[in-house]
file coords31.cif (mmCIF, C-alpha atoms and all ligand atoms)
data_run
loop_
_atom_site.group_PDB
_atom_site.id
_atom_site.type_symbol
_atom_site.label_atom_id
_atom_site.label_comp_id
_atom_site.auth_asym_id
_atom_site.auth_seq_id
_atom_site.Cartn_x
_atom_site.Cartn_y
_atom_site.Cartn_z
ATOM 1 C CA MET A 25 84.277 86.485 -6.623
ATOM 2 C CA THR A 26 86.501 86.090 -3.604
ATOM 3 C CA ALA A 27 86.090 88.799 -1.012
ATOM 4 C CA LYS A 28 89.020 90.979 -0.090
ATOM 5 C CA ILE A 29 89.931 90.749 3.576
ATOM 6 C CA ILE A 30 89.727 93.858 5.722
ATOM 7 C CA ASP A 31 92.783 93.346 7.907
ATOM 8 C CA GLY A 32 91.733 94.547 11.357
ATOM 9 C CA LYS A 33 95.112 93.779 12.850
ATOM 10 C CA ALA A 34 96.954 96.004 10.357
ATOM 11 C CA LEU A 35 94.358 98.752 10.584
ATOM 12 C CA ALA A 36 94.464 98.658 14.396
ATOM 13 C CA THR A 37 98.254 99.051 14.265
ATOM 14 C CA LYS A 38 97.771 102.138 12.112
ATOM 15 C CA VAL A 39 95.215 103.562 14.590
ATOM 16 C CA ARG A 40 97.500 102.818 17.551
ATOM 17 C CA ASN A 41 100.422 104.545 15.778
ATOM 18 C CA GLU A 42 98.287 107.644 15.314
ATOM 19 C CA VAL A 43 97.221 107.470 18.985
ATOM 20 C CA SER A 44 100.927 107.279 19.978
ATOM 21 C CA LYS A 45 101.636 110.432 17.962
ATOM 22 C CA ALA A 46 98.706 112.231 19.602
ATOM 23 C CA VAL A 47 99.943 111.148 23.052
ATOM 24 C CA LEU A 48 103.415 112.534 22.274
ATOM 25 C CA GLU A 49 101.828 115.883 21.382
ATOM 26 C CA LEU A 50 99.985 115.854 24.734
ATOM 27 C CA ASN A 51 103.248 114.947 26.502
ATOM 28 C CA LYS A 52 104.813 118.101 25.053
ATOM 29 C CA LYS A 53 102.169 120.038 27.008
ATOM 30 C CA GLY A 54 103.005 118.104 30.166
ATOM 31 C CA ILE A 55 99.905 115.880 29.867
ATOM 32 C CA THR A 56 99.809 112.076 30.099
ATOM 33 C CA PRO A 57 96.408 110.473 29.417
ATOM 34 C CA GLY A 58 95.268 107.891 31.970
ATOM 35 C CA LEU A 59 92.904 104.948 31.530
ATOM 36 C CA ALA A 60 91.384 103.021 34.453
ATOM 37 C CA THR A 61 90.013 99.563 33.713
ATOM 38 C CA VAL A 62 87.802 97.753 36.201
ATOM 39 C CA ILE A 63 86.994 94.063 36.066
ATOM 40 C CA VAL A 64 84.717 92.240 38.498
ATOM 41 C CA GLY A 65 85.138 88.469 38.942
ATOM 42 C CA ASN A 66 87.390 86.168 36.972
ATOM 43 C CA ASP A 67 85.686 85.280 33.727
ATOM 44 C CA ALA A 68 88.575 84.026 31.582
ATOM 45 C CA ALA A 69 87.598 85.818 28.356
ATOM 46 C CA SER A 70 86.898 89.135 30.105
ATOM 47 C CA SER A 71 90.236 88.908 31.962
ATOM 48 C CA ILE A 72 92.091 88.462 28.667
ATOM 49 C CA TYR A 73 90.270 91.427 27.098
ATOM 50 C CA VAL A 74 90.975 93.717 30.045
ATOM 51 C CA THR A 75 94.632 92.662 30.310
ATOM 52 C CA ASN A 76 95.037 93.413 26.595
ATOM 53 C CA LYS A 77 93.359 96.790 27.006
ATOM 54 C CA GLY A 78 95.801 97.760 29.782
ATOM 55 C CA LYS A 79 98.813 96.460 27.860
ATOM 56 C CA SER A 80 97.825 98.290 24.670
ATOM 57 C CA ALA A 81 97.301 101.506 26.642
ATOM 58 C CA LYS A 82 100.853 101.354 28.019
ATOM 59 C CA GLU A 83 102.273 100.654 24.561
ATOM 60 C CA VAL A 84 100.891 103.952 23.208
ATOM 61 C CA GLY A 85 101.991 105.949 26.253
ATOM 62 C CA ILE A 86 98.670 106.003 28.120
ATOM 63 C CA LYS A 87 99.002 105.467 31.866
ATOM 64 C CA SER A 88 97.075 102.312 32.764
ATOM 65 C CA LEU A 89 95.449 101.763 36.145
ATOM 66 C CA GLN A 90 93.925 98.309 36.494
ATOM 67 C CA TYR A 91 91.424 97.308 39.180
ATOM 68 C CA SER A 92 90.330 93.744 39.716
ATOM 69 C CA LEU A 93 87.470 93.179 42.166
ATOM 70 C CA ALA A 94 86.069 89.947 43.601
ATOM 71 C CA GLU A 95 83.003 88.338 42.003
ATOM 72 C CA SER A 96 81.141 88.930 45.294
ATOM 73 C CA VAL A 97 81.778 92.689 45.460
ATOM 74 C CA SER A 98 78.696 94.785 46.285
ATOM 75 C CA GLU A 99 77.223 97.465 44.063
ATOM 76 C CA ASN A 100 78.104 100.077 46.706
ATOM 77 C CA GLU A 101 81.752 99.043 46.817
ATOM 78 C CA LEU A 102 81.995 99.285 43.043
ATOM 79 C CA LEU A 103 80.244 102.679 43.107
ATOM 80 C CA LYS A 104 82.768 103.847 45.688
ATOM 81 C CA LEU A 105 85.681 102.890 43.405
ATOM 82 C CA ILE A 106 84.075 104.624 40.411
ATOM 83 C CA ASN A 107 83.516 107.739 42.477
ATOM 84 C CA GLU A 108 87.214 107.763 43.411
ATOM 85 C CA LEU A 109 88.167 107.354 39.748
ATOM 86 C CA ASN A 110 85.737 110.133 38.756
ATOM 87 C CA LEU A 111 87.652 112.427 41.131
ATOM 88 C CA ASN A 112 91.152 111.161 40.299
ATOM 89 C CA LYS A 113 92.972 113.816 38.225
ATOM 90 C CA ASP A 114 95.264 111.200 36.641
ATOM 91 C CA VAL A 115 92.285 109.367 35.150
ATOM 92 C CA ASP A 116 90.801 110.522 31.835
ATOM 93 C CA GLY A 117 88.932 107.355 30.946
ATOM 94 C CA ILE A 118 87.085 104.752 33.017
ATOM 95 C CA LEU A 119 86.121 101.381 31.563
ATOM 96 C CA VAL A 120 84.080 98.872 33.556
ATOM 97 C CA GLN A 121 84.188 95.558 31.726
ATOM 98 C CA LEU A 122 80.782 93.989 31.061
ATOM 99 C CA PRO A 123 79.028 91.741 31.916
ATOM 100 C CA LEU A 124 78.861 92.380 35.656
ATOM 101 C CA PRO A 125 77.719 89.815 38.266
ATOM 102 C CA LYS A 126 74.005 89.513 39.058
ATOM 103 C CA GLN A 127 74.055 91.489 42.333
ATOM 104 C CA ILE A 128 75.199 94.587 40.439
ATOM 105 C CA ASN A 129 72.906 96.725 38.291
ATOM 106 C CA SER A 130 74.947 97.555 35.169
ATOM 107 C CA GLU A 131 72.819 100.599 34.338
ATOM 108 C CA VAL A 132 73.498 102.130 37.753
ATOM 109 C CA ILE A 133 77.219 101.493 37.336
ATOM 110 C CA LEU A 134 77.508 102.797 33.769
ATOM 111 C CA ASP A 135 75.554 105.937 34.649
ATOM 112 C CA SER A 136 77.767 106.571 37.686
ATOM 113 C CA ILE A 137 80.777 107.068 35.399
ATOM 114 C CA LYS A 138 81.209 110.773 34.765
ATOM 115 C CA PRO A 139 80.168 111.332 31.103
ATOM 116 C CA SER A 140 83.455 113.176 30.483
ATOM 117 C CA LYS A 141 85.397 110.071 31.619
ATOM 118 C CA ASP A 142 83.210 107.520 29.830
ATOM 119 C CA VAL A 143 85.348 105.880 27.128
ATOM 120 C CA ASP A 144 82.845 103.176 26.142
ATOM 121 C CA GLY A 145 79.993 105.531 25.317
ATOM 122 C CA PHE A 146 77.648 103.326 27.377
ATOM 123 C CA ASN A 147 76.658 106.067 29.786
ATOM 124 C CA ILE A 148 73.106 107.376 29.205
ATOM 125 C CA PHE A 149 74.418 110.876 28.417
ATOM 126 C CA ASN A 150 76.755 109.669 25.675
ATOM 127 C CA ALA A 151 74.183 107.223 24.333
ATOM 128 C CA GLY A 152 71.950 110.298 23.942
ATOM 129 C CA ASN A 153 74.687 112.158 22.086
ATOM 130 C CA ILE A 154 75.031 109.456 19.452
ATOM 131 C CA TYR A 155 71.232 109.198 19.171
ATOM 132 C CA LEU A 156 71.038 112.941 18.477
ATOM 133 C CA ASN A 157 74.108 112.887 16.181
ATOM 134 C CA ARG A 158 76.001 115.255 18.474
ATOM 135 C CA GLU A 159 79.681 115.111 19.312
ATOM 136 C CA GLY A 160 80.291 112.624 22.094
ATOM 137 C CA VAL A 161 81.858 109.244 22.691
ATOM 138 C CA ILE A 162 81.301 106.586 20.048
ATOM 139 C CA PRO A 163 81.341 103.047 21.519
ATOM 140 C CA CYS A 164 84.616 101.315 20.663
ATOM 141 C CA THR A 165 83.353 98.353 18.616
ATOM 142 C CA PRO A 166 80.958 100.331 16.387
ATOM 143 C CA LEU A 167 83.684 102.964 15.908
ATOM 144 C CA GLY A 168 86.120 100.199 14.905
ATOM 145 C CA CYS A 169 83.570 98.890 12.399
ATOM 146 C CA LEU A 170 83.083 102.388 10.960
ATOM 147 C CA ILE A 171 86.837 102.857 10.502
ATOM 148 C CA MET A 172 86.993 99.487 8.743
ATOM 149 C CA LEU A 173 84.160 100.493 6.416
ATOM 150 C CA ARG A 174 85.813 103.838 5.757
ATOM 151 C CA SER A 175 89.085 102.108 4.908
ATOM 152 C CA ILE A 176 87.419 100.647 1.805
ATOM 153 C CA GLN A 177 84.896 103.366 0.992
ATOM 154 C CA LYS A 178 84.848 107.054 1.912
ATOM 155 C CA SER A 179 81.091 107.607 1.747
ATOM 156 C CA LEU A 180 78.429 105.172 2.928
ATOM 157 C CA LYS A 181 75.612 107.461 1.822
ATOM 158 C CA GLY A 182 72.469 105.687 0.647
ATOM 159 C CA MET A 183 73.772 102.192 1.328
ATOM 160 C CA ASN A 184 71.481 99.553 2.734
ATOM 161 C CA ALA A 185 72.947 98.414 6.078
ATOM 162 C CA VAL A 186 71.542 95.484 8.006
ATOM 163 C CA ILE A 187 72.666 94.921 11.569
ATOM 164 C CA ILE A 188 72.121 91.513 13.102
ATOM 165 C CA GLY A 189 71.769 91.940 16.872
ATOM 166 C CA ARG A 190 70.419 94.769 19.026
ATOM 167 C CA SER A 191 72.743 94.864 22.026
ATOM 168 C CA ASN A 192 73.485 98.141 23.799
ATOM 169 C CA ILE A 193 77.210 97.488 23.255
ATOM 170 C CA VAL A 194 77.188 96.962 19.490
ATOM 171 C CA GLY A 195 73.890 96.640 17.600
ATOM 172 C CA LYS A 196 72.055 99.746 18.808
ATOM 173 C CA PRO A 197 74.956 102.233 18.647
ATOM 174 C CA MET A 198 76.075 100.714 15.319
ATOM 175 C CA ALA A 199 72.612 101.310 13.845
ATOM 176 C CA GLN A 200 72.633 104.903 15.021
ATOM 177 C CA LEU A 201 76.148 105.507 13.733
ATOM 178 C CA LEU A 202 75.302 104.182 10.260
ATOM 179 C CA LEU A 203 72.088 106.201 10.228
ATOM 180 C CA ASN A 204 74.240 109.248 10.998
ATOM 181 C CA GLU A 205 76.356 108.190 7.977
ATOM 182 C CA ASP A 206 73.230 108.411 5.759
ATOM 183 C CA CYS A 207 72.779 104.654 5.392
ATOM 184 C CA THR A 208 69.333 103.075 5.278
ATOM 185 C CA VAL A 209 69.468 100.969 8.418
ATOM 186 C CA THR A 210 67.576 97.853 9.468
ATOM 187 C CA THR A 211 68.239 95.987 12.689
ATOM 188 C CA VAL A 212 67.190 92.349 12.874
ATOM 189 C CA HIS A 213 67.125 90.335 16.097
ATOM 190 C CA SER A 214 65.935 87.109 17.668
ATOM 191 C CA LYS A 215 62.245 88.012 17.294
ATOM 192 C CA SER A 216 62.458 89.292 13.695
ATOM 193 C CA ASN A 217 60.521 87.589 10.913
ATOM 194 C CA ASN A 218 62.237 86.813 7.603
ATOM 195 C CA ILE A 219 65.763 87.563 8.819
ATOM 196 C CA GLN A 220 67.445 85.897 5.877
ATOM 197 C CA ARG A 221 65.369 87.792 3.332
ATOM 198 C CA ILE A 222 66.183 91.124 4.999
ATOM 199 C CA VAL A 223 69.916 90.367 5.250
ATOM 200 C CA LYS A 224 69.959 89.374 1.570
ATOM 201 C CA GLU A 225 69.058 92.996 0.657
ATOM 202 C CA ALA A 226 72.055 94.430 2.504
ATOM 203 C CA ASP A 227 74.982 96.270 0.930
ATOM 204 C CA ILE A 228 76.593 96.239 4.383
ATOM 205 C CA ILE A 229 76.063 93.416 6.879
ATOM 206 C CA ILE A 230 77.140 93.870 10.496
ATOM 207 C CA ALA A 231 76.852 90.551 12.336
ATOM 208 C CA ALA A 232 76.829 91.122 16.107
ATOM 209 C CA VAL A 233 74.721 88.426 17.667
ATOM 210 C CA GLY A 234 77.106 85.888 19.228
ATOM 211 C CA ILE A 235 75.969 82.789 17.297
ATOM 212 C CA PRO A 236 78.848 80.866 15.683
ATOM 213 C CA ASN A 237 78.761 80.767 11.855
ATOM 214 C CA LEU A 238 75.142 81.977 11.716
ATOM 215 C CA VAL A 239 75.355 83.956 8.473
ATOM 216 C CA LYS A 240 75.552 81.615 5.478
ATOM 217 C CA ALA A 241 76.320 82.357 1.833
ATOM 218 C CA SER A 242 72.618 81.982 0.983
ATOM 219 C CA TRP A 243 71.875 85.033 3.227
ATOM 220 C CA VAL A 244 74.325 87.325 1.428
ATOM 221 C CA LYS A 245 73.898 89.444 -1.702
ATOM 222 C CA LYS A 246 76.754 89.158 -4.165
ATOM 223 C CA GLY A 247 79.249 91.968 -3.532
ATOM 224 C CA ALA A 248 78.046 92.825 -0.005
ATOM 225 C CA ILE A 249 80.489 94.142 2.586
ATOM 226 C CA VAL A 250 80.483 91.868 5.625
ATOM 227 C CA ILE A 251 81.693 92.954 9.063
ATOM 228 C CA ASP A 252 81.815 90.128 11.608
ATOM 229 C CA VAL A 253 81.713 91.307 15.221
ATOM 230 C CA GLY A 254 81.230 87.818 16.711
ATOM 231 C CA ILE A 255 83.888 86.291 18.952
ATOM 232 C CA ASN A 256 82.660 82.775 19.711
ATOM 233 C CA ARG A 257 84.708 80.029 21.293
ATOM 234 C CA ILE A 258 83.807 76.610 19.905
ATOM 235 C CA ASN A 259 85.250 73.175 20.446
ATOM 236 C CA TYR A 260 86.981 71.919 17.332
ATOM 237 C CA LYS A 261 89.128 68.779 17.163
ATOM 238 C CA ASP A 262 89.654 68.725 20.976
ATOM 239 C CA LYS A 263 90.709 72.366 21.016
ATOM 240 C CA THR A 264 88.916 75.692 21.387
ATOM 241 C CA LYS A 265 88.762 77.777 18.284
ATOM 242 C CA LEU A 266 87.571 81.358 17.784
ATOM 243 C CA VAL A 267 84.916 81.817 15.135
ATOM 244 C CA GLY A 268 82.708 84.722 14.182
ATOM 245 C CA ASP A 269 78.973 85.029 13.526
ATOM 246 C CA VAL A 270 79.632 84.620 9.802
ATOM 247 C CA ASP A 271 80.456 81.374 8.054
ATOM 248 C CA PHE A 272 83.676 82.852 6.695
ATOM 249 C CA LYS A 273 84.513 80.149 4.152
ATOM 250 C CA GLU A 274 81.100 80.216 2.528
ATOM 251 C CA VAL A 275 80.540 83.962 2.624
ATOM 252 C CA GLN A 276 84.014 84.867 1.395
ATOM 253 C CA ALA A 277 83.080 83.404 -1.981
ATOM 254 C CA LEU A 278 80.272 85.959 -2.424
ATOM 255 C CA ALA A 279 81.082 89.133 -0.529
ATOM 256 C CA SER A 280 83.240 91.972 -1.880
ATOM 257 C CA TYR A 281 84.909 92.565 1.504
ATOM 258 C CA ILE A 282 84.887 90.556 4.710
ATOM 259 C CA THR A 283 86.523 90.816 8.133
ATOM 260 C CA PRO A 284 88.207 87.723 9.606
ATOM 261 C CA VAL A 285 87.864 86.335 13.156
ATOM 262 C CA PRO A 286 90.300 86.584 14.831
ATOM 263 C CA GLY A 287 92.189 89.573 13.417
ATOM 264 C CA GLY A 288 89.201 91.645 12.359
ATOM 265 C CA VAL A 289 86.979 93.756 14.589
ATOM 266 C CA GLY A 290 88.599 92.592 17.879
ATOM 267 C CA PRO A 291 91.879 94.526 17.550
ATOM 268 C CA MET A 292 89.956 97.572 16.302
ATOM 269 C CA THR A 293 87.852 97.690 19.485
ATOM 270 C CA ILE A 294 90.960 98.072 21.629
ATOM 271 C CA ALA A 295 92.559 100.634 19.292
ATOM 272 C CA CYS A 296 89.353 102.711 19.449
ATOM 273 C CA LEU A 297 89.323 102.571 23.238
ATOM 274 C CA LEU A 298 92.786 104.166 23.208
ATOM 275 C CA MET A 299 91.551 106.780 20.775
ATOM 276 C CA ASN A 300 88.519 107.571 22.954
ATOM 277 C CA THR A 301 90.828 107.946 25.968
ATOM 278 C CA VAL A 302 92.933 110.536 24.094
ATOM 279 C CA PHE A 303 89.750 112.330 23.013
ATOM 280 C CA GLN A 304 88.470 112.553 26.599
ATOM 281 C CA CYS A 305 91.893 113.672 27.825
ATOM 282 C CA SER A 306 91.995 116.402 25.160
ATOM 283 C CA ARG A 307 88.519 117.625 26.100
ATOM 284 C CA LYS A 308 89.401 117.694 29.802
ATOM 285 C CA ASN A 309 92.379 119.917 28.996
ATOM 286 C CA ASN A 310 90.290 122.198 26.739
ATOM 287 C CA LEU A 311 92.291 121.158 23.678
ATOM 288 C CA SER A 312 90.784 120.495 20.272
ATOM 289 C CA LEU A 313 90.667 116.824 19.322
ATOM 290 C CA PRO A 314 93.831 115.633 17.499
ATOM 291 C CA GLU A 315 93.253 116.046 13.755
ATOM 292 C CA ASN A 316 95.205 112.894 12.883
ATOM 293 C CA LEU A 317 92.718 110.844 14.949
ATOM 294 C CA LYS A 318 89.616 112.591 13.688
ATOM 295 C CA ASN A 319 90.834 111.929 10.122
ATOM 296 C CA LEU A 320 90.654 108.190 10.780
ATOM 297 C CA TYR A 321 86.865 108.178 10.396
HETATM 298 N N1 LIG B 1 82.218 93.652 27.127
HETATM 299 C C1 LIG B 1 82.245 93.269 25.818
HETATM 300 N N2 LIG B 1 82.612 94.308 25.048
HETATM 301 C C2 LIG B 1 82.820 95.352 25.860
HETATM 302 C C3 LIG B 1 83.234 96.699 25.634
HETATM 303 O O1 LIG B 1 83.461 97.155 24.502
HETATM 304 N N3 LIG B 1 83.352 97.470 26.749
HETATM 305 C C4 LIG B 1 83.073 97.002 27.997
HETATM 306 N N4 LIG B 1 83.190 97.848 29.014
HETATM 307 N N5 LIG B 1 82.691 95.764 28.234
HETATM 308 C C5 LIG B 1 82.570 94.946 27.169
#
call {"tool": "encode", "arguments": {"input": "coords31.cif", "output": "structure tokens", "more": "lines below"}}
Ligand code: GUN
result
Amino acid sequence: MTAKIIDGKALATKVRNEVSKAVLELNKKGITPGLATVIVGNDAASSIYVTNKGKSAKEVGIKSLQYSLAESVSENELLKLINELNLNKDVDGILVQLPLPKQINSEVILDSIKPSKDVDGFNIFNAGNIYLNREGVIPCTPLGCLIMLRSIQKSLKGMNAVIIGRSNIVGKPMAQLLLNEDCTVTTVHSKSNNIQRIVKEADIIIAAVGIPNLVKASWVKKGAIVIDVGINRINYKDKTKLVGDVDFKEVQALASYITPVPGGVGPMTIACLLMNTVFQCSRKNNLSLPENLKNLY
């Protein structure tokens, strides 16, 4: 068996096209959605992500406001900016790129974003919504993974999903989302016993741990669906190369479906951020959420 590739790049283009259509509908009502991105410091990878988020927003007709603050900025200064963005009528979504420097408490910052302008779903209020299976904001990467899963299978009911990694950004919301989809969910992490044995039982594997090529063919049940969230930079033949958390070559021979790195989950994360921005903009204007976007998952 050779796994079919779930083409995240193509699927993200489809999502972005639907977002563009939804933005045009809002434009007809005199509304332009706005997304503010905030980056602190100059971590190269984070800068690339945030630049791409702003660029993609503009391409679908979302107004992009980009704020870049010095590494040394104080928590109070960042809170002041977020407060301004909370009050700014042109802003429907606020994204503060993580990680933040040591002097800043991320929890304080994420909770200072008005829940109705949170487009990451990292705010405590929206984290509660997903936990309780209520309508809210689904974090961009888990939402991207769900859309990828849905692109190959409509119902995930009863499937055994194993998530590797328990981060607040991916692992925890992903587990909750798949539980809400009626999967049987197990999360394994750095302190888990028998990780390989547990992963081997999975119909769906979500690898989100940040360890290059961790998941080997011997961990994977024949026919499993494998979603690789990892974006790891490794040195390879004097160059840097992006690899996932899954040993793609090995696992492709066994899985039924697999996502590549790059070109898998990464583009979906950005497309889902744009979608979340349109959702928040619609809610702010007391409009129902665009059907064409809701139909994507
Ligand atoms: N850092 C890594 N992934 C993300 C993300 O999805 N959102 C934010 N805000 N920061 C991140």
call {"tool": "residues_near_ligand", "arguments": {"input": "coords31.cif", "ligand": "ligand LIG 1 (chain B)", "cutoff": "8 Å", "atoms": "all atoms listed in the file", "output": "JSON list (two decimals) with C-alpha atoms, keeping the file's coordinate frame"}}
result
[["chain", "number", "residue", "atom", "x", "y", "z"],
["A", 70, "SER", "CA", 86.90, 89.14, 30.10],
["A", 119, "LEU", "CA", 86.12, 101.38, 31.56],
["A", 120, "VAL", "CA", 84.08, 98.87, 33.56],
["A", 121, "GLN", "CA", 84.19, 95.56, 31.73],
["A", 122, "LEU", "CA", 80.78, 93.99, 31.06],
["A", 123, "PRO", "CA", 79.03, 91.74, 31.92],
["A", 144, "ASP", "CA", 82.84, 103.18, 26.14],
["A", 146, "PHE", "CA", 77.65, 103.33, 27.38],
["A", 163, "PRO", "CA", 81.34, 103.05, 21.52],
["A", 164, "CYS", "CA", 84.62, 101.32, 20.66],
["A", 165, "THR", "CA", 83.35, 98.35, 18.62],
["A", 193, "ILE", "CA", 77.21, 97.49, 23.26],
["A", 293, "THR", "CA", 87.85, 97.69, 19.48]]
call {"tool": "resolve_selection", "arguments": {"input": "coords31.cif", "expression": "the PyMOL selection byres (((chain A and resi 239) around 10) and not hetatm)", "output": "ChimeraX atom specification"}}
result
/A:188,220,223,229,231,235-238,240-244,250,252,268-272,274-275
call {"tool": "atom_distance", "arguments": {"input": "coords31.cif", "atom1": "CA of Ala226 in chain A", "atom2": "CA of Met183 in chain A"}}
result
8.0 Å
call {"tool": "closest_residue", "arguments": {"input": "coords31.cif", "among": "A:Arg190, A:Arg257, A:Lys246, A:Lys87", "to": "Pro286 in chain A", "atoms": "all atoms listed in the file"}}
result
A:Arg257
call {"tool": "atom_distance", "arguments": {"input": "coords31.cif", "atom1": "CA of Thr208 in chain A", "atom2": "CA of Ala27 in chain A"}}
result
22.9 Å
call {"tool": "residues_around", "arguments": {"input": "coords31.cif", "residues": "Cys305 in chain A", "least_positions_apart": "3", "cutoff": "8 Å", "atoms": "all atoms listed in the file", "output": "ChimeraX atom specification"}}
result
/A:57-58,116-117,301-302,308-309
call {"tool": "resolve_selection", "arguments": {"input": "coords31.cif", "expression": "the PyMOL selection byres (((chain A and resi 148-153) around 12) and not hetatm)", "output": "number ranges by chain"}}
result
A: 130-147, 154-163, 192-194, 196-198, 200-201, 204
call {"tool": "atom_distance", "arguments": {"input": "coords31.cif", "atom1": "CA of Lys245 in chain A", "atom2": "CA of Asp31 in chain A"}}
result
21.5 Å
call {"tool": "resolve_selection", "arguments": {"input": "coords31.cif", "expression": "the PyMOL selection byres (((chain A and resi 79) around 12) and not hetatm)", "output": "ChimeraX atom specification"}}
result
/A:59-61,72-78,80-90,294-295,298
call {"tool": "closest_residue", "arguments": {"input": "coords31.cif", "among": "A:Asn218, A:Ala34, A:Leu111, A:Val186", "to": "Ala232 in chain A", "atoms": "all atoms listed in the file"}}
result
A:Val186
call {"tool": "closest_residue", "arguments": {"input": "coords31.cif", "among": "A:Leu50, A:Ala185, A:Val253, A:Ser280", "to": "Asn310 in chain A", "atoms": "all atoms listed in the file"}}
result
A:Leu50
call {"tool": "closest_residue", "arguments": {"input": "coords31.cif", "among": "A:Ala279, A:Gly195, A:Leu202, A:Asn110", "to": "Lys224 in chain A", "atoms": "all atoms listed in the file"}}
result
A:Ala279
call {"tool": "closest_residue", "arguments": {"input": "coords31.cif", "among": "A:Thr37, A:Asn300, A:Asn129, A:Asn107", "to": "Leu167 in chain A", "atoms": "only C-alpha atoms"}}
result
A:Asn300
call {"tool": "decode", "arguments": {"input": "coords31.cif", "residues": "range 248-283 of chain A", "atoms": "C-alpha atoms", "output": "compact mmCIF listing (two decimals), in the first residue's frame"}}
result
# COMPACT_ATOMS: atom_id res chain seq x y z
CA ALA A 248 -4.10 4.47 9.27
CA ILE A 249 -4.67 8.12 8.37
CA VAL A 250 -1.63 10.17 9.35
CA ILE A 251 -1.72 13.93 9.87
CA ASP A 252 1.71 15.48 10.45
CA VAL A 253 1.60 18.83 12.24
CA GLY A 254 5.38 19.04 12.81
CA ILE A 255 7.44 21.78 11.17
CA ASN A 256 11.04 21.02 12.10
CA ARG A 257 14.09 22.61 10.55
CA ILE A 258 16.99 20.17 10.29
CA ASN A 259 20.41 20.44 8.74
CA TYR A 260 20.71 18.22 5.70
CA LYS A 261 23.64 18.26 3.26
CA ASP A 262 24.76 21.76 4.40
CA LYS A 263 21.26 23.17 3.99
CA THR A 264 18.21 23.50 6.22
CA LYS A 265 15.33 21.28 5.33
CA LEU A 266 11.78 21.20 6.69
CA VAL A 267 10.63 17.85 8.00
CA GLY A 268 7.61 16.76 9.98
CA ASP A 269 7.19 14.60 13.09
CA VAL A 270 6.52 11.59 10.86
CA ASP A 271 9.12 9.66 8.93
CA PHE A 272 7.26 10.29 5.68
CA LYS A 273 9.12 7.81 3.47
CA GLU A 274 8.65 4.91 5.84
CA VAL A 275 5.10 5.66 6.91
CA GLN A 276 3.83 6.38 3.41
CA ALA A 277 4.29 2.70 2.61
CA LEU A 278 1.76 1.69 5.29
CA ALA A 279 -0.76 4.47 5.81
CA SER A 280 -3.90 4.97 3.71
CA TYR A 281 -3.54 8.77 3.73
CA ILE A 282 -0.70 11.02 4.83
CA THR A 283 -0.01 14.76 4.86
